[in-house]
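Visitor: The structure file upload.tsv (TSV, C-alpha atoms) is provided below.
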chain	number	residue	atom	x	y	z
T	1	MET	CA	67.05	68.52	-196.77
T	2	SER	CA	65.35	70.77	-199.27
T	3	ILE	CA	63.51	73.85	-198.07
T	4	LYS	CA	60.89	75.35	-200.34
T	5	ILE	CA	61.00	79.13	-200.04
T	6	PRO	CA	57.78	81.04	-200.76
T	7	ASP	CA	57.74	83.47	-203.69
T	8	SER	CA	56.34	86.29	-201.60
T	9	ASN	CA	56.47	87.44	-197.99
T	10	ASP	CA	54.86	84.69	-195.92
T	11	ASN	CA	54.96	85.42	-192.21
T	12	GLU	CA	53.58	82.00	-191.26
T	13	TRP	CA	56.38	80.28	-193.19
T	14	GLN	CA	58.96	82.53	-191.55
T	15	VAL	CA	57.64	81.74	-188.08
T	16	LYS	CA	57.60	78.00	-188.86
T	17	MET	CA	61.20	78.09	-190.08
T	18	LEU	CA	62.34	80.07	-187.03
T	19	ARG	CA	60.74	77.51	-184.73
T	20	GLN	CA	62.47	74.67	-186.55
T	21	LEU	CA	65.84	76.42	-186.43
T	22	SER	CA	65.45	77.27	-182.78
T	23	THR	CA	64.63	73.65	-181.94
T	24	LYS	CA	67.59	72.30	-183.91
T	25	LEU	CA	70.00	74.77	-182.30
T	26	HIS	CA	68.71	73.92	-178.85
T	27	ASP	CA	69.31	70.22	-179.52
T	28	LEU	CA	72.93	70.95	-180.47
T	29	LYS	CA	73.65	72.68	-177.16
T	30	ASP	CA	74.13	69.28	-175.52
T	31	CYS	CA	77.53	68.97	-177.25
T	32	ASP	CA	80.69	69.39	-175.14
T	33	ASP	CA	82.63	71.40	-177.70
T	34	ASN	CA	83.00	74.98	-176.38
T	35	LEU	CA	83.58	76.46	-179.83
T	36	LEU	CA	80.45	74.78	-181.14
T	37	LEU	CA	78.49	76.09	-178.19
T	38	GLU	CA	79.73	79.63	-178.85
T	39	ARG	CA	78.64	79.41	-182.50
T	40	ILE	CA	75.25	78.08	-181.53
T	41	GLU	CA	74.74	80.94	-179.09
T	42	LYS	CA	75.53	83.45	-181.85
T	43	CYS	CA	72.99	81.72	-184.10
T	44	GLU	CA	70.44	81.91	-181.31
T	45	GLN	CA	70.95	85.67	-181.12
T	46	VAL	CA	70.05	85.88	-184.80
T	47	VAL	CA	67.01	83.69	-184.22
T	48	GLU	CA	65.88	85.92	-181.37
T	49	ALA	CA	66.20	89.03	-183.56
T	50	LEU	CA	64.16	87.35	-186.29
T	51	ARG	CA	61.54	86.28	-183.74
T	52	GLU	CA	61.22	89.83	-182.53
T	53	TYR	CA	60.94	91.09	-186.10
T	54	SER	CA	58.30	88.54	-187.08
T	55	GLY	CA	56.31	88.66	-183.85
T	56	TYR	CA	57.03	85.02	-182.93
Reformat the file's structure so that it appears as structure tokens.
Guide:
Amino acid sequence: MSIKIPDSNDNEWQVKMLRQLSTKLHDLKDCDDNLLLERIEKCEQVVEALREYSGY
């Protein structure tokens, strides 16, 4: 998967990417591996901070 990153600050792109990441992380939570779940939860904390920053 190739992600094209904008040359300048693009809030709409950032919001779109955060939504995609959030969706993908949520889908992974169905796994039974506790370590994987812990890592996903840490990623979700980052996503939440970015959402707050970007106004998503």
Visitor: Between CA of Pro6 (chain T) and CA of Glu44 (chain T), what is the spacing in Å?
Guide: 23.2 Å
Visitor: Neighbouring residues of region 47-56 of chain T were defined as those with any atom within 9 Å, considering all atoms listed in the file; residues of the same chain fewer than 2 positions away were excluded. Please report them as a PyMOL selection string.
Guide: chain T and resi 11+14-15+18-19+21-22+42-45
Visitor: Which of these, T:Ser8, T:Lys16, T:Val46, T:Glu41, has the shortest distance to Leu28 (chain T) once you count only C-alpha atoms?
Guide: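 Closest candidate: T:Glu41.
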Visitor: Grab the CA of Lys4 (chain T) to CA of Gln20 (chain T) distance for me, in Å with one decimal place.
Guide: 13.9 Å
Visitor: Separation of CA of Lys24 (chain T) and CA of Glu38 (chain T), in Å?
Guide: 15.1 Å
Visitor: Name the residues within 12 Å of (72.1, 73.2, -175.0), counting only C-alpha atoms in the file's coordinates, and put them as number ranges by chain.
Guide: T: 22-34, 36-41, 44
Visitor: Mind filling out region 18-29 of chain T with all heavy atoms and sending it as an mmCIF file, in the coordinates of the input?
Guide:
data_model
loop_
_atom_site.group_PDB
_atom_site.id
_atom_site.type_symbol
_atom_site.label_atom_id
_atom_site.label_comp_id
_atom_site.auth_asym_id
_atom_site.auth_seq_id
_atom_site.Cartn_x
_atom_site.Cartn_y
_atom_site.Cartn_z
ATOM 1 N N LEU T 18 61.651 79.628 -188.236
ATOM 2 C CA LEU T 18 62.340 80.070 -187.030
ATOM 3 C C LEU T 18 62.173 79.078 -185.895
ATOM 4 O O LEU T 18 63.117 78.796 -185.156
ATOM 5 C CB LEU T 18 61.844 81.447 -186.600
ATOM 6 C CG LEU T 18 62.322 82.612 -187.465
ATOM 7 C CD1 LEU T 18 61.533 83.861 -187.135
ATOM 8 C CD2 LEU T 18 63.798 82.837 -187.244
ATOM 9 N N ARG T 19 60.980 78.515 -185.767
ATOM 10 C CA ARG T 19 60.740 77.510 -184.730
ATOM 11 C C ARG T 19 61.600 76.273 -184.971
ATOM 12 O O ARG T 19 62.187 75.715 -184.044
ATOM 13 C CB ARG T 19 59.268 77.125 -184.685
ATOM 14 C CG ARG T 19 58.413 78.172 -184.040
ATOM 15 C CD ARG T 19 56.968 77.728 -183.941
ATOM 16 N NE ARG T 19 56.189 78.756 -183.282
ATOM 17 C CZ ARG T 19 54.976 79.114 -183.647
ATOM 18 N NH1 ARG T 19 54.387 78.512 -184.664
ATOM 19 N NH2 ARG T 19 54.340 80.059 -183.005
ATOM 20 N N GLN T 20 61.664 75.837 -186.227
ATOM 21 C CA GLN T 20 62.470 74.670 -186.550
ATOM 22 C C GLN T 20 63.948 74.930 -186.261
ATOM 23 O O GLN T 20 64.631 74.085 -185.671
ATOM 24 C CB GLN T 20 62.303 74.292 -188.027
ATOM 25 C CG GLN T 20 60.974 73.671 -188.349
ATOM 26 C CD GLN T 20 60.869 73.314 -189.825
ATOM 27 O OE1 GLN T 20 61.851 73.269 -190.552
ATOM 28 N NE2 GLN T 20 59.657 73.055 -190.264
ATOM 29 N N LEU T 21 64.442 76.076 -186.672
ATOM 30 C CA LEU T 21 65.840 76.420 -186.430
ATOM 31 C C LEU T 21 66.137 76.507 -184.951
ATOM 32 O O LEU T 21 67.147 75.984 -184.466
ATOM 33 C CB LEU T 21 66.188 77.742 -187.127
ATOM 34 C CG LEU T 21 67.600 78.263 -186.929
ATOM 35 C CD1 LEU T 21 68.633 77.256 -187.427
ATOM 36 C CD2 LEU T 21 67.767 79.594 -187.636
ATOM 37 N N SER T 22 65.268 77.131 -184.213
ATOM 38 C CA SER T 22 65.450 77.270 -182.780
ATOM 39 C C SER T 22 65.511 75.895 -182.108
ATOM 40 O O SER T 22 66.374 75.649 -181.255
ATOM 41 C CB SER T 22 64.305 78.085 -182.190
ATOM 42 O OG SER T 22 64.436 78.205 -180.809
ATOM 43 N N THR T 23 64.649 75.002 -182.500
ATOM 44 C CA THR T 23 64.630 73.650 -181.940
ATOM 45 C C THR T 23 65.915 72.905 -182.257
ATOM 46 O O THR T 23 66.525 72.275 -181.384
ATOM 47 C CB THR T 23 63.424 72.866 -182.485
ATOM 48 O OG1 THR T 23 62.232 73.536 -182.088
ATOM 49 C CG2 THR T 23 63.403 71.443 -181.948
ATOM 50 N N LYS T 24 66.373 72.990 -183.502
ATOM 51 C CA LYS T 24 67.590 72.300 -183.910
ATOM 52 C C LYS T 24 68.821 72.858 -183.182
ATOM 53 O O LYS T 24 69.689 72.106 -182.751
ATOM 54 C CB LYS T 24 67.771 72.394 -185.416
ATOM 55 C CG LYS T 24 66.749 71.581 -186.192
ATOM 56 C CD LYS T 24 66.910 71.770 -187.676
ATOM 57 C CE LYS T 24 65.807 71.142 -188.481
ATOM 58 N NZ LYS T 24 65.492 69.767 -188.178
ATOM 59 N N LEU T 25 68.885 74.165 -183.023
ATOM 60 C CA LEU T 25 70.000 74.770 -182.300
ATOM 61 C C LEU T 25 69.993 74.364 -180.836
ATOM 62 O O LEU T 25 71.041 74.082 -180.255
ATOM 63 C CB LEU T 25 69.964 76.296 -182.428
ATOM 64 C CG LEU T 25 70.322 76.860 -183.792
ATOM 65 C CD1 LEU T 25 70.004 78.352 -183.846
ATOM 66 C CD2 LEU T 25 71.786 76.616 -184.100
ATOM 67 N N HIS T 26 68.818 74.320 -180.251
ATOM 68 C CA HIS T 26 68.710 73.920 -178.850
ATOM 69 C C HIS T 26 69.198 72.483 -178.663
ATOM 70 O O HIS T 26 69.896 72.176 -177.694
ATOM 71 C CB HIS T 26 67.276 74.065 -178.356
ATOM 72 C CG HIS T 26 67.098 73.722 -176.927
ATOM 73 N ND1 HIS T 26 67.543 74.530 -175.908
ATOM 74 C CD2 HIS T 26 66.552 72.642 -176.337
ATOM 75 C CE1 HIS T 26 67.260 73.969 -174.754
ATOM 76 N NE2 HIS T 26 66.666 72.816 -174.984
ATOM 77 N N ASP T 27 68.872 71.611 -179.595
ATOM 78 C CA ASP T 27 69.310 70.220 -179.520
ATOM 79 C C ASP T 27 70.835 70.108 -179.583
ATOM 80 O O ASP T 27 71.429 69.237 -178.946
ATOM 81 C CB ASP T 27 68.691 69.395 -180.649
ATOM 82 C CG ASP T 27 67.192 69.214 -180.476
ATOM 83 O OD1 ASP T 27 66.673 69.465 -179.359
ATOM 84 O OD2 ASP T 27 66.535 68.829 -181.464
ATOM 85 N N LEU T 28 71.483 70.987 -180.333
ATOM 86 C CA LEU T 28 72.930 70.950 -180.470
ATOM 87 C C LEU T 28 73.674 71.415 -179.216
ATOM 88 O O LEU T 28 74.843 71.119 -179.032
ATOM 89 C CB LEU T 28 73.385 71.815 -181.648
ATOM 90 C CG LEU T 28 73.082 71.276 -183.036
ATOM 91 C CD1 LEU T 28 73.449 72.325 -184.080
ATOM 92 C CD2 LEU T 28 73.827 69.982 -183.284
ATOM 93 N N LYS T 29 72.993 72.130 -178.351
ATOM 94 C CA LYS T 29 73.650 72.680 -177.160
ATOM 95 C C LYS T 29 74.126 71.596 -176.205
ATOM 96 O O LYS T 29 74.906 71.867 -175.308
ATOM 97 C CB LYS T 29 72.717 73.639 -176.432
ATOM 98 C CG LYS T 29 72.543 74.957 -177.163
ATOM 99 C CD LYS T 29 71.685 75.880 -176.374
ATOM 100 C CE LYS T 29 72.580 76.762 -175.531
ATOM 101 N NZ LYS T 29 71.839 77.835 -174.870
#
